[in-house]
Amino acid sequence: MTDNAELGIQPGSPKDFGVAEPELTTEQIEPSRLLANEVRDRLQGAGLSNDQINDWADAFFATHDEGGGTEFLAWIQAQQSSS
């Protein structure tokens with residue numbers, strides 16, 4: 001099991017870190033939720049709520065056509081580090 005403190009992700013929504021929370025197209029909603037579900041346990045362990053996890057996944061898919069859990073987590077870390 002991974003130590004969630006080492007995940008390097010802080011609780012909060014994308015807007016808390018200056019990341020836009022755009023509305024997704026219909027085609028982006030399902031992959032966004034699948035990705036959120038893939039890493040939900042890890043992000044909840046880092047202190048994020050279900051709504052925050054979904055918001056981060058939506059923000060990710062607004063600018064990425066695809067990506068897995070590793071890319072998603074790295075993207076969140078990068079967004080939080082740059083704020």
# chains A, B, ... in the order shown; residues from 1 in each chain; ligands from 1
call {"tool": "residues_around", "arguments": {"residues": "Ala78 of chain A", "least_positions_apart": "3", "cutoff": "12 Å", "atoms": "only C-alpha atoms", "output": "list in words"}}
result
Leu7, Gly8, Ile9, Gln10, Pro14, Phe17, Gly18, Val19, Phe60, Glu71, Phe72, Leu73, Ala74, Trp75, Ser81, Ser82 and Ser83 of chain A
call {"tool": "write_last_selection", "arguments": {"atoms": "C-alpha atoms", "output": "JSON list (two decimals), in the first residue's frame"}}
result
[["chain", "number", "residue", "atom", "x", "y", "z"],
["A", 7, "LEU", "CA", 1.56, 11.24, -2.97],
["A", 8, "GLY", "CA", 2.37, 14.95, -2.81],
["A", 9, "ILE", "CA", -1.21, 16.04, -3.40],
["A", 10, "GLN", "CA", -2.98, 18.46, -1.09],
["A", 14, "PRO", "CA", -8.78, 22.79, -8.81],
["A", 17, "PHE", "CA", -4.96, 26.08, -7.00],
["A", 18, "GLY", "CA", -5.88, 28.42, -9.85],
["A", 19, "VAL", "CA", -6.97, 25.67, -12.25],
["A", 60, "PHE", "CA", -7.71, 17.08, -16.52],
["A", 71, "GLU", "CA", -0.50, 10.75, -15.64],
["A", 72, "PHE", "CA", -3.50, 12.16, -13.81],
["A", 73, "LEU", "CA", -1.80, 12.13, -10.41],
["A", 74, "ALA", "CA", 1.37, 13.67, -11.87],
["A", 75, "TRP", "CA", -0.73, 16.40, -13.51],
["A", 81, "SER", "CA", 3.17, 22.92, -7.40],
["A", 82, "SER", "CA", 2.80, 25.73, -9.91],
["A", 83, "SER", "CA", 0.19, 27.63, -7.91]]
call {"tool": "residues_around", "arguments": {"residues": "Gln44 of chain A", "least_positions_apart": "3", "cutoff": "12 Å", "atoms": "only C-alpha atoms", "output": "PDB file with N, CA and C atoms, in the first residue's frame"}}
result
ATOM      1  N   ASN A   4       0.060   7.691   1.469  1.00  0.00           N
ATOM      2  CA  ASN A   4      -0.573   8.821   0.798  1.00  0.00           C
ATOM      3  C   ASN A   4       0.106  10.141   1.092  1.00  0.00           C
ATOM      4  N   ALA A   5       0.871  10.229   2.175  1.00  0.00           N
ATOM      5  CA  ALA A   5       1.621  11.450   2.443  1.00  0.00           C
ATOM      6  C   ALA A   5       2.677  11.649   1.362  1.00  0.00           C
ATOM      7  N   LEU A   7       2.229  10.952  -1.713  1.00  0.00           N
ATOM      8  CA  LEU A   7       1.557  11.240  -2.973  1.00  0.00           C
ATOM      9  C   LEU A   7       1.842  12.667  -3.417  1.00  0.00           C
ATOM     10  N   ILE A   9      -0.004  15.337  -2.975  1.00  0.00           N
ATOM     11  CA  ILE A   9      -1.206  16.043  -3.398  1.00  0.00           C
ATOM     12  C   ILE A   9      -1.918  16.556  -2.153  1.00  0.00           C
ATOM     13  N   GLN A  10      -2.316  17.821  -2.216  1.00  0.00           N
ATOM     14  CA  GLN A  10      -2.984  18.465  -1.092  1.00  0.00           C
ATOM     15  C   GLN A  10      -4.496  18.466  -1.308  1.00  0.00           C
ATOM     16  N   PRO A  11      -5.261  18.435  -0.213  1.00  0.00           N
ATOM     17  CA  PRO A  11      -6.714  18.544  -0.348  1.00  0.00           C
ATOM     18  C   PRO A  11      -7.088  19.896  -0.962  1.00  0.00           C
ATOM     19  N   GLY A  12      -8.158  19.903  -1.704  1.00  0.00           N
ATOM     20  CA  GLY A  12      -8.661  21.129  -2.317  1.00  0.00           C
ATOM     21  C   GLY A  12      -9.156  20.860  -3.718  1.00  0.00           C
ATOM     22  N   ALA A  36     -11.357   9.120 -12.493  1.00  0.00           N
ATOM     23  CA  ALA A  36     -11.539   9.503 -11.092  1.00  0.00           C
ATOM     24  C   ALA A  36     -11.704   8.258 -10.224  1.00  0.00           C
ATOM     25  N   ASN A  37     -12.488   7.301 -10.694  1.00  0.00           N
ATOM     26  CA  ASN A  37     -12.711   6.077  -9.930  1.00  0.00           C
ATOM     27  C   ASN A  37     -11.438   5.245  -9.802  1.00  0.00           C
ATOM     28  N   GLU A  38     -10.587   5.294 -10.827  1.00  0.00           N
ATOM     29  CA  GLU A  38      -9.333   4.536 -10.816  1.00  0.00           C
ATOM     30  C   GLU A  38      -8.421   4.963  -9.666  1.00  0.00           C
ATOM     31  N   VAL A  39      -8.409   6.239  -9.350  1.00  0.00           N
ATOM     32  CA  VAL A  39      -7.490   6.750  -8.318  1.00  0.00           C
ATOM     33  C   VAL A  39      -8.216   7.286  -7.080  1.00  0.00           C
ATOM     34  N   ARG A  40      -9.519   7.088  -7.022  1.00  0.00           N
ATOM     35  CA  ARG A  40     -10.329   7.659  -5.939  1.00  0.00           C
ATOM     36  C   ARG A  40      -9.801   7.287  -4.553  1.00  0.00           C
ATOM     37  N   ASP A  41      -9.492   6.026  -4.312  1.00  0.00           N
ATOM     38  CA  ASP A  41      -9.025   5.605  -2.987  1.00  0.00           C
ATOM     39  C   ASP A  41      -7.747   6.330  -2.587  1.00  0.00           C
ATOM     40  N   GLY A  47      -6.854  13.101   1.423  1.00  0.00           N
ATOM     41  CA  GLY A  47      -7.734  14.093   2.014  1.00  0.00           C
ATOM     42  C   GLY A  47      -8.710  14.768   1.071  1.00  0.00           C
ATOM     43  N   LEU A  48      -8.784  14.339  -0.187  1.00  0.00           N
ATOM     44  CA  LEU A  48      -9.718  14.947  -1.134  1.00  0.00           C
ATOM     45  C   LEU A  48     -11.093  14.312  -1.011  1.00  0.00           C
ATOM     46  N   SER A  49     -12.125  15.134  -1.195  1.00  0.00           N
ATOM     47  CA  SER A  49     -13.505  14.645  -1.187  1.00  0.00           C
ATOM     48  C   SER A  49     -13.852  14.086  -2.567  1.00  0.00           C
ATOM     49  N   ASN A  50     -14.966  13.371  -2.642  1.00  0.00           N
ATOM     50  CA  ASN A  50     -15.417  12.844  -3.932  1.00  0.00           C
ATOM     51  C   ASN A  50     -15.634  13.965  -4.940  1.00  0.00           C
ATOM     52  N   ASP A  51     -16.238  15.062  -4.510  1.00  0.00           N
ATOM     53  CA  ASP A  51     -16.473  16.185  -5.426  1.00  0.00           C
ATOM     54  C   ASP A  51     -15.154  16.780  -5.915  1.00  0.00           C
ATOM     55  N   GLN A  52     -14.178  16.921  -5.026  1.00  0.00           N
ATOM     56  CA  GLN A  52     -12.877  17.459  -5.430  1.00  0.00           C
ATOM     57  C   GLN A  52     -12.198  16.524  -6.434  1.00  0.00           C
ATOM     58  N   ILE A  53     -12.288  15.234  -6.203  1.00  0.00           N
ATOM     59  CA  ILE A  53     -11.684  14.257  -7.126  1.00  0.00           C
ATOM     60  C   ILE A  53     -12.341  14.368  -8.496  1.00  0.00           C
ATOM     61  N   ASN A  54     -13.664  14.439  -8.531  1.00  0.00           N
ATOM     62  CA  ASN A  54     -14.367  14.585  -9.813  1.00  0.00           C
ATOM     63  C   ASN A  54     -14.001  15.893 -10.500  1.00  0.00           C
TER      64      ASN A  54
END
call {"tool": "select_by_dssp", "arguments": {"residues": "chain A", "states": "helix (DSSP H, G or I)", "output": "ChimeraX atom specification"}}
result
/A:4-7,14-17,26-45,50-63,69-81
call {"tool": "closest_residue", "arguments": {"among": "A:Ala20, A:Leu34, A:Thr26, A:Ser13", "to": "Glu66 of chain A", "atoms": "only C-alpha atoms"}}
result
A:Leu34
call {"tool": "residues_around", "arguments": {"residues": "Pro22 of chain A", "least_positions_apart": "4", "cutoff": "9 Å", "atoms": "only C-alpha atoms", "output": "list in words"}}
result
Asp58, Ala59 and Ala62 of chain A
call {"tool": "write_last_selection", "arguments": {"atoms": "N, CA and C atoms", "output": "compact mmCIF listing (two decimals), in the first residue's frame"}}
result
# COMPACT_ATOMS: atom_id res chain seq x y z
N ASP A 58 -12.32 16.27 -14.16
CA ASP A 58 -12.93 17.10 -15.20
C ASP A 58 -11.92 18.11 -15.75
N ALA A 59 -11.18 18.74 -14.86
CA ALA A 59 -10.18 19.72 -15.30
C ALA A 59 -9.10 19.04 -16.13
N ALA A 62 -10.48 18.21 -19.62
CA ALA A 62 -10.74 19.40 -20.43
C ALA A 62 -9.54 19.75 -21.30
